Amino acid sequence: MATTVLLVIGTRKGLWLATSRDGRDTWEVTGPHLPMTDVYAVAIDTRRHPRILAAATSEHFGPSVFTSDDLGARWQEPEHAPVAFPPDTEAALTRVWQIEPGPADEPDVVYAGTEPSALFRSEDGGRRYELVRGLWDHPHRKEWFPGGGGQAVHTVLAHPHDPQRMLVAMSTGGVYRTEDAGRSWQPSNRGIRAYFLPDEYPEFGQCVHKVARNPAVPERFFLQHHHGVYRSDDGGGSWRSIAEGLPADFGFPVAVHPHRPEVVYGFPLVADARRFPPEGRCRVYRSEDAGDSWSALSDGLPVEGFWSAVMRDALCLDDADPAGVYFGSRSGEVYASADEGDSWRRIVEHLPDVLSVRAATV
Amino acid sequence: MRVTILLPQVLRASAGGTARVELEMAADATLGGVLDELGVRHPALERRLRDESRALRRYVNFYIGEQECRGLAGTATRLDEGAEIRVIPSVAGG
């Protein structure tokens, strides 16, 4: 494999870039870019030329979205705030939690999921964004409440072929879908248990941590919940547990293989009250049958004393074949697998907490 | 009347590289009015000083003379001819 693979690593104090030109054997790392910002969301938009997008928030000077069209050599930022709530909302952006390029046939469309919970849409490749009013005006909004990390839309999944359809997920509020290009939204949480609420199967209010899907099977979603791992085969209309076979049903990330839609990855933690990998062992779990069974992947990973965690956007795959798999830890290490998770190597260490990773061939 | 905003190093790039922004304001100008004017001339600077709801960013301080504006009337603080507003980010965090 001679193509160049770019890995973008967002941390609590800036962004690092890792590039491999030799089949993911060696990596050149640069950074910090955008120093002293927390980078909750990164994206590599390869629909035209590779564009890196980074949602970076300064504790002092607030949030912004930066783009780079030369693989990180230079960064651009609009004069005016790229993502900002209109005055009539009386809201202010805390941070952007998700940057998601739209479908292939809408190459200028980029979505942003934000805290407070809202969806924004860009039609200029991710430079300026407009609030999607349909979700903001939803009557449920006043009943969404913050999870431990904040009250945010952290997952945005545009339908790969139908611009009318989209799914978003938030903490805390659950999954919502639109079938009319964002004008109206329906809660889509049937079957997801919210043990922490009086009604354990509410219409909405679930603490969803992440949702993923492969565009080749757009009706199937995988979902990591606050205690629960689920699959939907009907576009989010209903969900069923696929946690059997995992050592724990708590965790944050879930990621789908780019070429094999039945292959899915997660990083379980013991429980919400014990956010550590089981037994202090660093293990990624992979299912090759859409969650019916799971296997632990640990070759090359720390076998003991690993008390770190992996955040919701800090596990990803690249689009090569075979696919590379990557995750970053809150203890500032990044591990990579060039064989779909069978074996792993640490490629970066001693970074600040890793919040987000994304990889692509460029 | 003339008002000067003095910027720390970290914010100068957002104002075209300058350490001082001088504005000609009406006689009854307030700090909020100065920020409105900055939003027109240097939007990339203004949005680092306050959010889109016009709330001052928590860890950015505006000294007018010897006093931080929050100990005066906040953004409603009236400015005198020749006023200098020093923008000083809080020193905090690890």
# chains A, B, ... in the order shown; residues from 1 in each chain; ligands from 1

call {"tool": "interface_residues", "arguments": {"of": "chain A", "to": "chain B", "cutoff": "8 Å", "atoms": "only C-alpha atoms", "output": "PyMOL selection string"}}
result
chain A and resi 59-62+78-81+84-87+90-93

call {"tool": "residues_around", "arguments": {"residues": "Val325 (chain A)", "least_positions_apart": "3", "cutoff": "8 Å", "atoms": "only C-alpha atoms", "output": "ChimeraX atom specification"}}
result
/A:315-318,336-341

call {"tool": "write_last_selection", "arguments": {"atoms": "all heavy atoms", "output": "mmCIF file, in the first residue's frame"}}
result
data_model
loop_
_atom_site.group_PDB
_atom_site.id
_atom_site.type_symbol
_atom_site.label_atom_id
_atom_site.label_comp_id
_atom_site.auth_asym_id
_atom_site.auth_seq_id
_atom_site.Cartn_x
_atom_site.Cartn_y
_atom_site.Cartn_z
ATOM 1 N N LEU A 315 -11.888 7.074 18.331
ATOM 2 C CA LEU A 315 -11.637 5.779 17.699
ATOM 3 C C LEU A 315 -12.170 5.873 16.276
ATOM 4 O O LEU A 315 -13.308 6.311 16.068
ATOM 5 C CB LEU A 315 -12.335 4.660 18.472
ATOM 6 C CG LEU A 315 -11.979 3.208 18.103
ATOM 7 C CD1 LEU A 315 -12.288 2.277 19.266
ATOM 8 C CD2 LEU A 315 -12.706 2.709 16.873
ATOM 9 N N CYS A 316 -11.330 5.506 15.306
ATOM 10 C CA CYS A 316 -11.776 5.645 13.911
ATOM 11 C C CYS A 316 -11.034 4.654 13.029
ATOM 12 O O CYS A 316 -10.089 3.993 13.466
ATOM 13 C CB CYS A 316 -11.518 7.077 13.417
ATOM 14 S SG CYS A 316 -9.782 7.422 13.071
ATOM 15 N N LEU A 317 -11.485 4.585 11.792
ATOM 16 C CA LEU A 317 -10.800 3.781 10.772
ATOM 17 C C LEU A 317 -10.467 4.682 9.597
ATOM 18 O O LEU A 317 -11.152 5.683 9.359
ATOM 19 C CB LEU A 317 -11.692 2.636 10.298
ATOM 20 C CG LEU A 317 -11.917 1.517 11.339
ATOM 21 C CD1 LEU A 317 -13.129 1.799 12.189
ATOM 22 C CD2 LEU A 317 -12.017 0.169 10.645
ATOM 23 N N ASP A 318 -9.408 4.300 8.858
ATOM 24 C CA ASP A 318 -9.169 5.000 7.600
ATOM 25 C C ASP A 318 -9.932 4.282 6.484
ATOM 26 O O ASP A 318 -10.670 3.319 6.730
ATOM 27 C CB ASP A 318 -7.664 5.146 7.324
ATOM 28 C CG ASP A 318 -6.962 3.816 7.097
ATOM 29 O OD1 ASP A 318 -7.603 2.866 6.600
ATOM 30 O OD2 ASP A 318 -5.759 3.713 7.404
ATOM 31 N N ALA A 336 -2.326 2.374 16.678
ATOM 32 C CA ALA A 336 -2.769 2.149 15.309
ATOM 33 C C ALA A 336 -2.633 0.675 14.961
ATOM 34 O O ALA A 336 -1.712 -0.013 15.418
ATOM 35 C CB ALA A 336 -1.924 2.986 14.344
ATOM 36 N N SER A 337 -3.569 0.221 14.148
ATOM 37 C CA SER A 337 -3.513 -1.135 13.611
ATOM 38 C C SER A 337 -3.589 -1.033 12.098
ATOM 39 O O SER A 337 -4.473 -0.373 11.557
ATOM 40 C CB SER A 337 -4.685 -1.966 14.130
ATOM 41 O OG SER A 337 -4.754 -3.193 13.417
ATOM 42 N N ALA A 338 -2.677 -1.699 11.411
ATOM 43 C CA ALA A 338 -2.706 -1.702 9.947
ATOM 44 C C ALA A 338 -3.405 -2.940 9.405
ATOM 45 O O ALA A 338 -3.478 -3.137 8.190
ATOM 46 C CB ALA A 338 -1.278 -1.619 9.398
ATOM 47 N N ASP A 339 -3.905 -3.810 10.305
ATOM 48 C CA ASP A 339 -4.536 -5.062 9.862
ATOM 49 C C ASP A 339 -5.916 -5.217 10.493
ATOM 50 O O ASP A 339 -6.281 -6.288 10.952
ATOM 51 C CB ASP A 339 -3.623 -6.255 10.173
ATOM 52 C CG ASP A 339 -3.177 -6.276 11.628
ATOM 53 O OD1 ASP A 339 -3.794 -5.570 12.466
ATOM 54 O OD2 ASP A 339 -2.219 -6.993 11.940
ATOM 55 N N GLU A 340 -6.636 -4.122 10.532
ATOM 56 C CA GLU A 340 -8.047 -4.115 10.933
ATOM 57 C C GLU A 340 -8.252 -4.487 12.394
ATOM 58 O O GLU A 340 -9.334 -4.914 12.791
ATOM 59 C CB GLU A 340 -8.869 -4.998 9.998
ATOM 60 C CG GLU A 340 -8.553 -4.679 8.531
ATOM 61 C CD GLU A 340 -9.647 -5.024 7.552
ATOM 62 O OE1 GLU A 340 -10.342 -6.017 7.765
ATOM 63 O OE2 GLU A 340 -9.799 -4.266 6.564
ATOM 64 N N GLY A 341 -7.193 -4.341 13.200
ATOM 65 C CA GLY A 341 -7.323 -4.558 14.637
ATOM 66 C C GLY A 341 -6.654 -5.813 15.148
ATOM 67 O O GLY A 341 -6.579 -6.014 16.359
#

call {"tool": "residues_around", "arguments": {"residues": "Ala83 (chain B)", "least_positions_apart": "5", "cutoff": "10 Å", "atoms": "only C-alpha atoms", "output": "list in words"}}
result
Met1, Arg2, Val3, Thr4, Ile5, Ile64, Gly65 and Arg78 of chain B

call {"tool": "residues_around", "arguments": {"residues": "Ala41 (chain A)", "least_positions_apart": "3", "cutoff": "12 Å", "atoms": "only C-alpha atoms", "output": "PyMOL selection string"}}
result
chain A and resi 8-12+14-15+37-38+44+52-57+63-66+95-101+111-114+153-156+311-315+354-358

call {"tool": "atom_distance", "arguments": {"atom1": "CA of Arg12 (chain B)", "atom2": "CA of Asp28 (chain B)"}}
result
26.8 Å

call {"tool": "residues_around", "arguments": {"residues": "Leu7 (chain B)", "least_positions_apart": "3", "cutoff": "9 Å", "atoms": "only C-alpha atoms", "output": "list in words"}}
result
Val10, Leu11, Arg12, Ala15, Thr18, Ala19, Arg20, Val21, Ile85, Arg86, Val87 and Ile88 of chain B

call {"tool": "write_last_selection", "arguments": {"atoms": "N, CA and C atoms", "output": "CSV table (one decimal), in the first residue's frame"}}
result
chain,number,residue,atom,x,y,z
B,10,VAL,N,-1.4,37.9,22.1
B,10,VAL,CA,-2.2,36.8,21.5
B,10,VAL,C,-3.4,37.2,20.7
B,11,LEU,N,-3.8,38.5,20.8
B,11,LEU,CA,-5.0,38.9,20.1
B,11,LEU,C,-4.7,39.8,18.9
B,12,ARG,N,-3.4,40.2,18.7
B,12,ARG,CA,-3.1,41.2,17.7
B,12,ARG,C,-3.3,40.7,16.3
B,15,ALA,N,-6.5,41.6,14.8
B,15,ALA,CA,-6.7,43.0,14.5
B,15,ALA,C,-5.7,43.5,13.5
B,18,THR,N,-1.9,44.7,14.9
B,18,THR,CA,-1.6,45.9,15.6
B,18,THR,C,-1.8,45.7,17.1
B,19,ALA,N,-1.1,46.4,18.0
B,19,ALA,CA,-1.3,46.4,19.4
B,19,ALA,C,-2.3,47.4,19.9
B,20,ARG,N,-2.6,48.4,19.1
B,20,ARG,CA,-3.5,49.4,19.5
B,20,ARG,C,-4.6,49.6,18.4
B,21,VAL,N,-5.8,49.6,18.8
B,21,VAL,CA,-6.9,49.9,17.9
B,21,VAL,C,-7.5,51.3,18.4
B,85,ILE,N,-8.6,51.3,26.9
B,85,ILE,CA,-9.2,50.0,27.4
B,85,ILE,C,-8.1,48.9,27.2
B,86,ARG,N,-7.7,48.4,28.3
B,86,ARG,CA,-6.6,47.3,28.2
B,86,ARG,C,-7.3,46.0,28.3
B,87,VAL,N,-7.1,45.2,27.3
B,87,VAL,CA,-7.7,43.8,27.2
B,87,VAL,C,-6.6,42.9,27.8
B,88,ILE,N,-7.0,42.2,28.9
B,88,ILE,CA,-6.1,41.3,29.6
B,88,ILE,C,-6.7,40.0,29.9

call {"tool": "closest_residue", "arguments": {"among": "A:Ile347, A:Arg127, A:Ser117, A:Lys13", "to": "Asp69 (chain A)", "atoms": "only C-alpha atoms"}}
result
A:Arg127

call {"tool": "select_by_dssp", "arguments": {"residues": "chain B", "states": "strand (DSSP E)", "output": "PyMOL selection string"}}
result
chain B and resi 2-6+20-24+60-64+67-68+84-89

call {"tool": "atom_distance", "arguments": {"atom1": "CA of Gly150 (chain A)", "atom2": "CA of Pro258 (chain A)"}}
result
29.3 Å

call {"tool": "residues_around", "arguments": {"residues": "Thr19 (chain A)", "least_positions_apart": "2", "cutoff": "6 Å", "atoms": "only C-alpha atoms", "output": "NGL selection string"}}
result
:A and (5-6 or 27-28)

call {"tool": "residues_around", "arguments": {"residues": "Phe222 (chain A)", "least_positions_apart": "3", "cutoff": "8 Å", "atoms": "only C-alpha atoms", "output": "list in words"}}
result
Val211, Ala212, Arg213, Val229, Tyr230, Arg231, Ser232, Val254 and Val264 of chain A

call {"tool": "write_last_selection", "arguments": {"atoms": "C-alpha atoms", "output": "PDB file, in the first residue's frame"}}
result
ATOM      1  CA  VAL A 211     -23.906   6.291  16.633  1.00  0.00           C
ATOM      2  CA  ALA A 212     -22.159   4.919  13.543  1.00  0.00           C
ATOM      3  CA  ARG A 213     -23.024   3.348  10.234  1.00  0.00           C
ATOM      4  CA  VAL A 229     -24.903  -1.216  22.939  1.00  0.00           C
ATOM      5  CA  TYR A 230     -27.562  -1.407  20.253  1.00  0.00           C
ATOM      6  CA  ARG A 231     -28.223  -1.990  16.574  1.00  0.00           C
ATOM      7  CA  SER A 232     -30.998  -0.759  14.376  1.00  0.00           C
ATOM      8  CA  VAL A 254     -18.441   3.003  18.192  1.00  0.00           C
ATOM      9  CA  VAL A 264     -17.868  -2.743  14.100  1.00  0.00           C
TER      10      VAL A 264
END

call {"tool": "atom_distance", "arguments": {"atom1": "CA of Arg24 (chain A)", "atom2": "CA of Arg47 (chain A)"}}
result
22.1 Å

call {"tool": "select_by_dssp", "arguments": {"residues": "chain B", "states": "helix (DSSP H, G or I)", "output": "ChimeraX atom specification"}}
result
/B:9-15,31-41,43-49,69-71,74-76
